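Reproduced below: run-v9.cif, with mmCIF, C-alpha atoms.
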data_final
#
loop_
_atom_site.label_atom_id
_atom_site.label_comp_id
_atom_site.auth_asym_id
_atom_site.auth_seq_id
_atom_site.Cartn_x
_atom_site.Cartn_y
_atom_site.Cartn_z
CA MET R 1 20.43 -15.69 53.15
CA SER R 2 18.00 -13.76 50.94
CA LYS R 3 18.05 -14.35 47.22
CA LYS R 4 19.32 -11.47 45.12
CA ILE R 5 17.39 -9.83 42.27
CA VAL R 6 19.23 -7.27 40.12
CA ILE R 7 17.26 -4.92 37.88
CA ILE R 8 19.10 -3.00 35.17
CA GLY R 9 17.15 0.18 34.43
CA ASN R 10 15.17 2.46 36.76
CA GLY R 11 12.32 3.45 34.45
CA ILE R 12 8.67 2.64 35.05
CA SER R 13 9.15 -1.07 34.23
CA GLY R 14 12.14 -1.71 36.47
CA VAL R 15 10.86 0.33 39.41
CA THR R 16 7.38 -1.22 39.26
CA CYS R 17 8.97 -4.66 39.26
CA ALA R 18 11.11 -3.73 42.28
CA ARG R 19 8.14 -2.34 44.21
CA TYR R 20 6.07 -5.49 43.73
CA VAL R 21 8.96 -7.86 44.39
CA ARG R 22 9.34 -6.09 47.73
CA LYS R 23 5.60 -6.37 48.33
CA TYR R 24 5.65 -10.10 47.59
CA SER R 25 9.02 -11.21 49.02
CA ASP R 26 12.19 -10.65 51.04
CA TYR R 27 14.48 -10.66 47.99
CA GLU R 28 17.55 -8.46 48.22
CA ILE R 29 16.75 -5.92 45.49
CA THR R 30 19.30 -3.86 43.58
CA ILE R 31 18.46 -1.40 40.79
CA ILE R 32 21.32 -0.28 38.53
CA SER R 33 20.92 2.79 36.33
CA TYR R 34 23.49 4.76 34.36
CA GLU R 35 21.00 7.56 33.69
CA THR R 36 20.09 8.80 37.18
CA LYS R 37 20.15 7.48 40.72
CA TYR R 38 16.45 8.09 41.36
CA PHE R 39 13.43 7.13 39.28
CA PHE R 40 11.74 10.07 37.55
CA SER R 41 8.78 10.72 35.27
CA ARG R 42 10.22 10.70 31.76
CA THR R 43 7.24 12.48 30.21
CA ALA R 44 7.80 15.43 32.57
CA LEU R 45 11.27 16.27 31.22
CA MET R 46 9.76 18.75 28.77
CA TYR R 47 8.26 20.78 31.61
CA VAL R 48 11.65 21.08 33.30
CA PHE R 49 13.07 22.66 30.14
CA MET R 50 10.03 24.93 29.86
CA GLY R 51 10.48 26.14 33.44
CA HIS R 52 7.24 24.70 34.80
CA MET R 53 9.01 22.52 37.39
CA LYS R 54 12.42 21.56 38.70
CA PHE R 55 13.93 18.17 37.92
CA GLU R 56 13.50 16.96 41.52
CA HIS R 57 9.77 17.57 41.12
CA THR R 58 9.65 14.81 38.48
CA GLN R 59 10.63 12.16 41.04
CA PRO R 60 7.51 10.34 42.32
CA TYR R 61 9.27 9.04 45.44
CA GLU R 62 11.27 10.86 48.10
CA PRO R 63 14.90 9.68 48.59
CA TRP R 64 13.96 7.96 51.89
CA PHE R 65 11.49 5.69 50.05
CA TRP R 66 14.24 3.45 48.70
CA GLU R 67 15.95 2.82 52.01
CA LYS R 68 12.63 2.25 53.79
CA ASN R 69 11.67 -0.38 51.19
CA ARG R 70 15.16 -1.95 51.22
CA ILE R 71 15.82 -1.24 47.54
CA ASN R 72 19.50 -0.66 46.82
CA LEU R 73 20.30 1.93 44.15
CA ILE R 74 23.51 1.91 42.12
CA GLN R 75 24.27 4.60 39.56
CA GLY R 76 26.67 2.97 37.16
CA LYS R 77 27.09 1.58 33.66
CA VAL R 78 26.73 -2.14 33.01
CA THR R 79 29.31 -3.39 30.52
CA THR R 80 29.00 -7.18 30.70
CA ILE R 81 26.53 -9.78 31.89
CA LYS R 82 28.00 -13.14 32.85
CA SER R 83 24.83 -15.19 32.97
CA ASN R 84 26.61 -18.49 33.65
CA GLU R 85 28.39 -17.02 36.64
CA LYS R 86 25.34 -14.92 37.54
CA ASN R 87 27.26 -11.67 37.73
CA VAL R 88 26.76 -8.18 36.32
CA MET R 89 29.97 -6.27 35.59
CA LEU R 90 30.08 -2.46 35.87
CA GLU R 91 32.31 -0.03 34.03
CA ASP R 92 34.20 0.75 37.24
CA GLY R 93 35.14 -2.93 37.63
CA LYS R 94 32.61 -3.83 40.32
CA SER R 95 30.84 -7.18 40.11
CA ILE R 96 27.19 -7.46 41.24
CA PRO R 97 25.96 -11.03 41.86
CA PHE R 98 22.36 -12.07 41.19
CA ASP R 99 19.98 -15.00 41.48
CA LYS R 100 17.45 -13.32 39.17
CA LEU R 101 18.28 -10.65 36.57
CA VAL R 102 15.76 -8.25 35.04
CA LEU R 103 16.63 -6.25 31.94
CA ALA R 104 14.61 -3.02 31.84
CA THR R 105 17.01 -0.81 29.90
CA GLY R 106 14.45 1.19 27.89
CA SER R 107 14.99 2.81 24.50
CA LYS R 108 17.36 5.07 22.62
CA PRO R 109 16.59 7.53 19.78
CA ASN R 110 16.90 6.12 16.27
CA LYS R 111 19.76 7.12 13.99
CA PHE R 112 19.69 6.04 10.37
CA GLY R 113 23.25 6.73 9.27
CA TRP R 114 22.72 10.32 8.16
CA LYS R 115 25.91 12.13 7.24
CA GLY R 116 26.71 14.49 10.10
CA GLN R 117 24.44 12.79 12.65
CA ASP R 118 27.21 12.83 15.26
CA LEU R 119 27.98 16.55 15.00
CA LYS R 120 27.66 18.81 18.03
CA GLY R 121 24.13 20.16 18.21
CA VAL R 122 22.53 16.94 16.93
CA GLN R 123 20.58 14.96 19.52
CA GLY R 124 17.49 12.97 20.44
CA LEU R 125 15.09 13.49 23.34
CA TYR R 126 14.65 10.51 25.63
CA SER R 127 16.95 10.51 28.65
CA TYR R 128 17.90 12.91 31.42
CA GLN R 129 21.26 13.25 29.66
CA ASP R 130 19.38 14.37 26.53
CA LEU R 131 17.73 17.11 28.59
CA GLN R 132 21.13 18.24 29.86
CA LEU R 133 22.51 18.13 26.33
CA LEU R 134 19.61 20.24 25.08
CA GLU R 135 20.44 22.88 27.67
CA GLU R 136 24.05 22.82 26.50
CA ASN R 137 23.13 22.90 22.80
CA THR R 138 20.84 25.92 23.29
CA LYS R 139 23.10 27.76 25.72
CA GLY R 140 23.23 31.40 24.73
CA GLY R 141 20.25 30.94 22.44
CA ILE R 142 19.79 29.61 18.92
CA GLU R 143 18.01 31.02 15.91
CA ARG R 144 16.45 27.85 14.44
CA ALA R 145 16.10 24.14 15.17
CA VAL R 146 15.18 21.40 12.71
CA ILE R 147 13.22 18.43 14.04
CA VAL R 148 13.32 15.20 12.04
CA GLY R 149 10.41 12.79 12.37
CA GLY R 150 6.71 13.45 12.82
CA GLY R 151 5.78 11.73 16.07
CA LEU R 152 4.92 12.49 19.68
CA ILE R 153 8.49 13.15 20.83
CA GLY R 154 8.97 15.57 17.95
CA ILE R 155 5.90 17.54 19.02
CA GLU R 156 7.20 17.69 22.59
CA LEU R 157 10.59 18.96 21.43
CA ALA R 158 8.94 21.57 19.20
CA GLU R 159 6.85 22.88 22.11
CA MET R 160 9.93 23.00 24.35
CA LEU R 161 11.95 25.01 21.84
CA LEU R 162 9.09 27.37 20.98
CA SER R 163 8.62 28.11 24.69
CA ARG R 164 12.04 29.80 24.59
CA GLY R 165 11.33 31.71 21.43
CA TYR R 166 13.36 29.56 19.00
CA LYS R 167 12.17 29.04 15.43
CA VAL R 168 11.35 25.44 14.52
CA THR R 169 11.26 23.57 11.21
CA PHE R 170 9.60 20.16 11.27
CA LEU R 171 10.51 17.58 8.60
CA VAL R 172 7.87 14.87 8.07
CA ARG R 173 8.49 12.08 5.58
CA GLU R 174 4.80 11.36 4.92
CA ASN R 175 2.17 13.61 3.35
CA LEU R 176 0.28 13.68 6.66
CA PHE R 177 1.55 14.22 10.20
CA TRP R 178 1.59 10.86 12.04
CA GLY R 179 -0.28 9.47 9.06
CA ASN R 180 0.65 5.89 9.89
CA VAL R 181 -1.35 6.21 13.13
CA LEU R 182 -4.05 8.85 12.62
CA PRO R 183 -6.82 8.94 10.00
CA LYS R 184 -6.64 11.80 7.51
CA GLU R 185 -9.08 14.14 9.28
CA GLU R 186 -7.32 13.92 12.65
CA SER R 187 -3.92 14.35 11.04
CA GLU R 188 -5.14 17.48 9.26
CA LEU R 189 -6.57 18.78 12.56
CA ILE R 190 -3.18 18.40 14.24
CA MET R 191 -1.32 19.93 11.28
CA ARG R 192 -3.52 23.02 11.43
CA HIS R 193 -2.74 23.30 15.13
CA ILE R 194 0.99 22.92 14.48
CA LEU R 195 0.87 25.75 11.93
CA VAL R 196 -1.05 27.96 14.38
CA HIS R 197 2.01 27.69 16.63
CA HIS R 198 4.19 29.05 13.79
CA VAL R 199 6.09 25.83 13.14
CA ASP R 200 7.58 25.53 9.66
CA LEU R 201 5.99 22.16 8.82
CA GLN R 202 7.48 20.53 5.72
CA LEU R 203 5.65 17.41 4.55
CA GLU R 204 7.04 14.72 2.24
CA THR R 205 10.49 15.95 3.16
CA GLU R 206 13.34 13.88 4.56
CA LEU R 207 16.71 14.66 6.04
CA LYS R 208 19.51 13.99 3.58
CA GLU R 209 22.56 15.43 5.32
CA ILE R 210 23.61 17.47 8.35
CA VAL R 211 26.29 20.04 7.57
CA GLY R 212 28.87 21.08 10.15
CA ASP R 213 31.09 24.11 10.56
CA GLU R 214 34.85 24.19 11.15
CA ASP R 215 34.31 23.53 14.87
CA GLY R 216 32.31 20.36 14.25
CA LYS R 217 28.98 21.94 15.15
CA VAL R 218 25.85 21.79 13.03
CA LYS R 219 25.28 24.85 10.84
CA SER R 220 22.61 23.60 8.41
CA ILE R 221 20.80 20.59 6.99
CA ILE R 222 20.12 19.47 3.42
CA THR R 223 16.67 18.06 2.70
CA SER R 224 15.65 15.36 0.25
CA LYS R 225 14.32 18.17 -1.96
CA GLY R 226 17.76 19.77 -2.14
CA ASP R 227 16.96 22.72 0.12
CA GLU R 228 19.49 23.93 2.67
CA ILE R 229 18.09 25.13 6.00
CA ARG R 230 20.42 27.01 8.33
CA CYS R 231 20.07 25.83 11.94
CA GLN R 232 22.01 25.42 15.16
CA LEU R 233 20.18 22.36 16.52
CA VAL R 234 18.90 19.16 14.92
CA GLY R 235 16.46 17.02 16.90
CA LEU R 236 16.34 13.38 15.80
CA THR R 237 12.88 12.17 16.81
CA ALA R 238 12.23 9.50 14.19
CA GLY R 239 11.23 6.89 16.75
CA VAL R 240 13.20 4.87 19.29
CA SER R 241 14.83 1.43 19.42
CA PRO R 242 15.48 -0.99 22.29
CA ASN R 243 18.60 -0.06 24.24
CA ILE R 244 20.48 -3.37 24.01
CA GLU R 245 23.91 -2.55 22.54
CA PHE R 246 25.74 -3.72 25.67
CA LEU R 247 24.07 -7.15 25.38
CA LYS R 248 25.46 -7.98 21.94
CA GLY R 249 27.86 -10.89 22.22
CA SER R 250 26.19 -12.21 25.38
CA GLU R 251 24.33 -15.52 25.69
CA ILE R 252 21.00 -13.67 25.82
CA PRO R 253 19.07 -14.03 22.50
CA LEU R 254 18.40 -10.73 20.76
CA ASN R 255 16.53 -9.50 17.69
CA ARG R 256 15.48 -5.87 17.62
CA GLY R 257 15.05 -6.25 21.38
CA VAL R 258 15.66 -8.85 24.07
CA LEU R 259 13.62 -11.88 23.02
CA ILE R 260 11.09 -13.06 25.62
CA ASN R 261 8.13 -15.43 25.91
CA GLU R 262 4.65 -14.70 27.24
CA TYR R 263 5.96 -15.00 30.82
CA LEU R 264 8.61 -12.31 30.16
CA GLU R 265 11.40 -14.92 30.33
CA THR R 266 14.43 -15.00 28.06
CA GLN R 267 15.91 -18.31 26.94
CA VAL R 268 18.62 -17.87 29.59
CA GLU R 269 17.50 -19.26 32.95
CA ASP R 270 16.71 -16.62 35.59
CA VAL R 271 17.10 -13.73 33.10
CA PHE R 272 14.02 -11.68 32.20
CA ALA R 273 13.23 -8.56 30.15
CA ILE R 274 10.46 -5.97 30.43
CA GLY R 275 9.52 -2.58 29.01
CA ASP R 276 10.87 -0.86 25.92
CA CYS R 277 13.85 -3.18 25.52
CA ALA R 278 11.77 -6.38 25.43
CA GLU R 279 10.54 -8.11 22.27
CA PHE R 280 8.05 -10.97 22.34
CA VAL R 281 8.88 -13.95 20.16
CA GLN R 282 5.10 -14.14 19.81
CA HIS R 283 2.91 -11.64 21.63
CA PRO R 284 0.30 -13.33 23.84
CA SER R 285 -2.28 -10.91 22.40
CA SER R 286 -2.52 -11.45 18.65
CA ASP R 287 -3.48 -7.82 17.94
CA ARG R 288 -0.42 -6.28 19.63
CA ARG R 289 3.07 -5.49 18.35
CA ASN R 290 5.96 -7.60 19.59
CA ILE R 291 7.69 -4.50 20.99
CA GLU R 292 5.47 -2.24 23.11
CA GLN R 293 7.08 1.07 23.97
CA VAL R 294 4.44 2.89 25.98
CA TRP R 295 4.35 3.78 29.67
CA TYR R 296 1.42 1.68 30.84
CA THR R 297 2.54 -1.57 29.19
CA GLY R 298 5.92 -1.19 30.88
CA LYS R 299 4.16 -0.80 34.21
CA ILE R 300 2.02 -3.91 33.63
CA MET R 301 5.10 -5.89 32.59
CA GLY R 302 6.88 -4.89 35.80
CA LYS R 303 3.99 -5.96 37.99
CA THR R 304 3.46 -9.21 36.05
CA LEU R 305 7.12 -10.18 36.25
CA ALA R 306 7.26 -9.56 40.00
CA HIS R 307 4.28 -11.90 40.38
CA ASN R 308 5.95 -14.50 38.16
CA ILE R 309 9.21 -14.41 40.12
CA CYS R 310 7.65 -14.44 43.58
CA LYS R 311 4.38 -16.34 43.05
CA LYS R 312 2.74 -18.51 40.39
CA PRO R 313 3.59 -17.66 36.75
CA GLN R 314 0.95 -15.79 34.78
CA VAL R 315 0.86 -14.74 31.13
CA TYR R 316 1.43 -11.06 30.42
CA ASN R 317 -1.94 -9.46 29.59
CA PRO R 318 -1.94 -5.74 28.75
CA GLY R 319 -5.73 -5.57 28.28
CA ASN R 320 -7.31 -3.17 25.82
CA TRP R 321 -5.00 -0.84 23.92
CA PHE R 322 -5.00 2.79 24.98
CA ASN R 323 -2.73 5.78 24.74
CA SER R 324 -2.77 9.50 25.43
CA ALA R 325 -0.68 12.49 24.45
CA LYS R 326 -0.83 16.22 23.96
CA PHE R 327 -0.26 18.12 20.73
CA PHE R 328 0.50 21.58 22.11
CA ASP R 329 -2.94 22.58 23.50
CA ILE R 330 -4.93 19.62 22.15
CA GLU R 331 -5.25 16.54 24.34
CA TYR R 332 -5.46 13.20 22.53
CA GLN R 333 -6.74 9.87 23.79
CA THR R 334 -7.34 6.57 22.04
CA TYR R 335 -9.05 3.44 23.40
CA GLY R 336 -9.34 0.18 21.48
CA TRP R 337 -8.16 0.09 17.89
CA ILE R 338 -8.52 2.90 15.36
CA PHE R 339 -6.48 2.47 12.19
CA PRO R 340 -5.98 5.22 9.57
CA LYS R 341 -8.41 3.37 7.29
CA PRO R 342 -11.21 1.02 8.37
CA LYS R 343 -10.70 -2.70 7.89
CA GLU R 344 -13.09 -4.64 5.68
CA ASN R 345 -15.56 -5.35 8.50
CA GLU R 346 -15.26 -1.90 10.10
CA LYS R 347 -16.98 1.43 9.78
CA HIS R 348 -15.82 4.81 11.09
CA PHE R 349 -17.93 7.67 12.36
CA TYR R 350 -16.22 11.06 12.65
CA TRP R 351 -17.42 14.28 14.24
CA GLU R 352 -15.45 17.52 14.36
CA HIS R 353 -16.32 20.79 16.07
CA SER R 354 -16.55 23.90 13.93
CA ASN R 355 -13.51 25.35 15.73
CA GLY R 356 -11.37 22.62 14.15
CA GLU R 357 -9.70 21.63 17.44
CA ILE R 358 -12.19 19.19 18.98
CA ALA R 359 -13.08 15.85 17.39
CA VAL R 360 -14.04 12.23 18.04
CA ARG R 361 -13.88 9.15 15.84
CA PHE R 362 -15.64 5.87 16.55
CA CYS R 363 -14.74 2.56 14.98
CA TYR R 364 -17.31 -0.24 15.04
CA ASP R 365 -18.27 -3.45 13.29
CA LYS R 366 -20.47 -2.51 10.36
CA ASN R 367 -22.45 -5.75 10.63
CA ASP R 368 -23.38 -5.95 14.33
CA PHE R 369 -22.32 -2.42 15.47
CA THR R 370 -19.88 -3.79 18.11
CA PHE R 371 -17.76 -0.93 19.46
CA ILE R 372 -14.07 -1.38 18.51
CA GLY R 373 -12.34 1.88 19.40
CA ILE R 374 -12.41 5.66 19.76
CA ASN R 375 -10.10 8.64 19.15
CA THR R 376 -10.77 11.84 21.06
CA PHE R 377 -9.20 15.26 20.52
CA GLY R 378 -9.88 18.16 22.86
CA ILE R 379 -12.29 16.14 25.03
CA ARG R 380 -11.13 14.26 28.11
CA MET R 381 -12.69 10.81 28.43
CA ARG R 382 -12.54 8.25 31.24
CA HIS R 383 -10.35 5.24 30.60
CA GLN R 384 -12.46 3.18 32.98
CA ALA R 385 -15.60 3.67 30.88
CA PHE R 386 -14.13 2.61 27.54
CA ASP R 387 -12.18 -0.28 29.06
CA LYS R 388 -15.45 -1.57 30.55
CA TRP R 389 -17.42 -1.13 27.32
CA LEU R 390 -14.74 -2.81 25.23
CA ASN R 391 -14.60 -5.76 27.64
CA GLU R 392 -18.39 -6.04 27.59
CA LYS R 393 -18.38 -5.81 23.76
CA ARG R 394 -21.03 -3.09 23.85
CA ASP R 395 -22.42 -1.82 20.57
CA VAL R 396 -21.59 1.68 19.39
CA LYS R 397 -25.18 2.84 19.89
CA TYR R 398 -24.97 2.05 23.60
CA VAL R 399 -21.61 3.84 23.83
CA LEU R 400 -22.97 6.94 22.11
CA GLU R 401 -26.10 7.12 24.25
CA ASN R 402 -23.96 6.85 27.41
CA LEU R 403 -21.08 8.97 26.18
CA ALA R 404 -21.75 11.70 28.76
CA SER R 405 -20.86 9.22 31.52
CA ALA R 406 -17.39 8.87 30.05
CA ASN R 407 -16.76 12.61 29.81
CA PHE R 408 -13.99 13.70 32.18
CA ASP R 409 -13.91 17.42 31.30
CA PRO R 410 -14.23 19.90 34.19
CA GLU R 411 -17.74 20.75 35.38
CA PHE R 412 -18.28 23.97 33.46
CA TYR R 413 -16.82 22.82 30.12
CA LYS R 414 -19.28 22.74 27.26
CA LEU R 415 -20.55 19.24 26.44
CA HIS R 416 -20.47 18.14 22.80
CA GLU R 417 -22.25 14.80 23.08
CA PRO R 418 -25.66 16.05 21.79
CA LYS R 419 -24.05 17.30 18.55
CA ILE R 420 -22.11 14.06 18.17
CA ILE R 421 -25.27 11.95 18.47
CA GLU R 422 -27.19 14.30 16.18
CA LYS R 423 -24.66 13.76 13.40
CA PHE R 424 -24.61 9.99 13.92
CA ASN R 425 -28.42 9.87 13.71
CA ILE R 426 -28.40 11.81 10.44
CA GLU R 427 -25.70 9.65 8.84
CA ASN R 428 -27.13 6.32 10.00
CA ASN R 429 -30.88 7.01 10.06
CA THR R 430 -31.10 6.21 13.77
CA GLN R 431 -32.87 7.89 16.68
CA LEU R 432 -30.35 7.61 19.49
CA LYS R 433 -30.91 9.76 22.57
CA LEU R 434 -28.22 10.90 24.95
CA LYS R 435 -28.68 9.60 28.49
CA LYS R 436 -27.78 11.71 31.49
CA LYS R 437 -24.40 11.18 33.10
CA SER R 438 -24.69 8.27 35.51
CA TRP R 439 -22.02 6.62 37.65
CA LYS R 440 -24.07 3.41 37.49
CA ILE R 441 -23.00 3.07 33.86
CA LEU R 442 -19.38 2.84 34.99
CA PHE R 443 -19.57 0.95 38.26
CA ASN R 444 -22.42 -1.54 37.83
CA SER R 445 -21.76 -4.83 36.10
CA LYS R 446 -23.50 -5.68 32.84
#

File written out as structure tokens:
Amino acid sequence: MSKKIVIIGNGISGVTCARYVRKYSDYEITIISYETKYFFSRTALMYVFMGHMKFEHTQPYEPWFWEKNRINLIQGKVTTIKSNEKNVMLEDGKSIPFDKLVLATGSKPNKFGWKGQDLKGVQGLYSYQDLQLLEENTKGGIERAVIVGGGLIGIELAEMLLSRGYKVTFLVRENLFWGNVLPKEESELIMRHILVHHVDLQLETELKEIVGDEDGKVKSIITSKGDEIRCQLVGLTAGVSPNIEFLKGSEIPLNRGVLINEYLETQVEDVFAIGDCAEFVQHPSSDRRNIEQVWYTGKIMGKTLAHNICKKPQVYNPGNWFNSAKFFDIEYQTYGWIFPKPKENEKHFYWEHSNGEIAVRFCYDKNDFTFIGINTFGIRMRHQAFDKWLNEKRDVKYVLENLASANFDPEFYKLHEPKIIEKFNIENNTQLKLKKKSWKILFNSK
């Protein structure tokens, strides 16, 4: 009889794990999800609301894929895990046995105990249910929405609401948008772009209270400055937290997330955790956070765990940090580490186009010029190039001279590399010369 693996959660982590377990073994695989039956691309939800695609278009795999790969799908809510008995209990009373259990339950939007946070018309943006709720909360149209929290999800929600002609006020606690991640110049670039899209951006302003009407629906908010803003929707986008409420009281050790070691194991035998819900007791990479809530790390965790369950154990290794996003019309990428302010041994070089919507920032060691990281805005760059250069510990001069090889913009886009190098030469008294784009730079070893 085949051993049974049960995966709770059908996001990128859980589904990747299931795919590779099937590739490596004959386990009987069951995925349980309360959210939807089929896996979908979470980042595409905004385009469904904006009318660019239908929800079924966000599903990477056709319905027949799951049966062909012998992956059982259950849409249901897990209420209890009996790890000693190796059973998962569902809300409808069904019991699902397992030999191995994988927790991949994702995140939920943060709530910080604001008065009125549970009123009708107050919501986050994470799940498919949140998308449905947004349709319900804007049914018939609204005049204004207030978004709380200056991060990537907040920008997505603002773009979604603006696409339907709704007015948007954005409350940001800091004096710079995403100032805990972006250096000052990049934050200012994004803020200018936000204002161009007619968003009412209010900095150094927090939510104090959400006011409801006689029907229990939001009618306004009160800010930390004492202002009242009339609105019909409040979007809570001040980050996310691991979705682990149903695990409280179980034998599985928890902190902010499900505690795991470098092999993605919990302290309970045959129980594992991956993705947004997982928290490393000590991250195997010293420069990473113990909770990693980005798409690609969840995918790597899923693949690593499948290998660990079916083959020889290996330590989770996410490689070099990278991320990408879009601020309305401006694409953003980051590779390596760029902090808002350089560390003691670091130096930053920043170039910005005169149009104020294209920019790059390099971070490098000021002593030996070793390349540490890059931010790009409005220029598409190849992940493969920067991953290779970071692994090879190339110096920033080499990266700059070969920057054209990393450019991923379409053929007839204007190249900005000559201007970038020109400014670097002036600031650093160097004579770097841009080399022609060459695939050998990317595919040949050092």

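Proximity of R:Met160, R:Met301, R:Val148, R:Leu254 to R:Val281, computed with only C-alpha atoms, is greatest for R:Leu254.
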
* Neighbour residues at most 10 Å from (-4.4, 19.7, 17.3) (only C-alpha atoms) as a list in words ->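 The residues near that point, listed by chain and number, are Glu186, Ser187, Glu188, Leu189, Ile190, Met191, Arg192, His193, Ile194, Leu195, Val196, Lys326, Phe327, Phe328, Asp329, Ile330, Glu331, Tyr332, Gly356, Glu357, Ile358, Ala359, Phe377 and Gly378 of chain R.
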
* To do: Return the single residue from R:Lys208, R:Lys347, R:Lys184, R:Lys37 that is closest to R:Ile372, with distances computed using all atoms listed in the file.
  => R:Lys347

* Asked: Applied to the shown file, which residues does the PyMOL selection byres ((chain R and resi 419-436) around 8) return, written as an MDAnalysis selection string?
  -> chainID R and resid 349 351 397 400:405 416:418 437:438

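Nearest residue to R:Gly257, choosing from R:Lys108, R:Arg382, R:Lys225, R:Arg19 and counting all atoms listed in the file: R:Lys108.
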
Neighbours of R:Asp213 within 10 Å (only C-alpha atoms; same-chain residues fewer than 6 positions away dropped), as a short mmCIF file (atom, residue, chain, number, x, y, z; two decimals) with C-alpha atoms, keeping the file's coordinate frame?
data_model
loop_
_atom_site.label_atom_id
_atom_site.label_comp_id
_atom_site.auth_asym_id
_atom_site.auth_seq_id
_atom_site.Cartn_x
_atom_site.Cartn_y
_atom_site.Cartn_z
CA LEU R 119 27.98 16.55 15.00
CA LYS R 120 27.66 18.81 18.03
CA LYS R 219 25.28 24.85 10.84
CA SER R 220 22.61 23.60 8.41
#

* Test item: the PyMOL selection byres ((chain R and resi 64-80) around 10) resolved as a PyMOL selection string -> chain R and resi 6-10+15+18-19+22-23+26-39+60-63+81-83+87-96+245-250

* Pick from R:Ser286, R:Asn137, R:Asn367, R:Asn407, whichever lies nearest to R:Ala385 using all atoms listed in the file -> R:Asn407

* Asked: Could you work out how far atom CA of R:Thr376 lies from atom CA of R:Arg361, giving the answer in Å with one decimal?
  -> 6.6 Å

Apply the PyMOL selection byres ((chain R and resi 112) around 12) to the structure shown and report the selected residues as a PDB file with C-alpha atoms, in the frame of the given file.
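Listing of result_25.pdb after writing:
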ATOM      1  CA  PRO R 109      16.590   7.530  19.780  1.00  0.00           C
ATOM      2  CA  ASN R 110      16.900   6.120  16.270  1.00  0.00           C
ATOM      3  CA  LYS R 111      19.760   7.120  13.990  1.00  0.00           C
ATOM      4  CA  GLY R 113      23.250   6.730   9.270  1.00  0.00           C
ATOM      5  CA  TRP R 114      22.720  10.320   8.160  1.00  0.00           C
ATOM      6  CA  LYS R 115      25.910  12.130   7.240  1.00  0.00           C
ATOM      7  CA  GLY R 116      26.710  14.490  10.100  1.00  0.00           C
ATOM      8  CA  GLN R 117      24.440  12.790  12.650  1.00  0.00           C
ATOM      9  CA  ASP R 118      27.210  12.830  15.260  1.00  0.00           C
ATOM     10  CA  VAL R 148      13.320  15.200  12.040  1.00  0.00           C
ATOM     11  CA  GLY R 149      10.410  12.790  12.370  1.00  0.00           C
ATOM     12  CA  GLU R 206      13.340  13.880   4.560  1.00  0.00           C
ATOM     13  CA  LEU R 207      16.710  14.660   6.040  1.00  0.00           C
ATOM     14  CA  LYS R 208      19.510  13.990   3.580  1.00  0.00           C
ATOM     15  CA  GLU R 209      22.560  15.430   5.320  1.00  0.00           C
ATOM     16  CA  LEU R 236      16.340  13.380  15.800  1.00  0.00           C
ATOM     17  CA  THR R 237      12.880  12.170  16.810  1.00  0.00           C
ATOM     18  CA  ALA R 238      12.230   9.500  14.190  1.00  0.00           C
ATOM     19  CA  GLY R 239      11.230   6.890  16.750  1.00  0.00           C
ATOM     20  CA  VAL R 240      13.200   4.870  19.290  1.00  0.00           C
ATOM     21  CA  SER R 241      14.830   1.430  19.420  1.00  0.00           C
TER      22      SER R 241
END
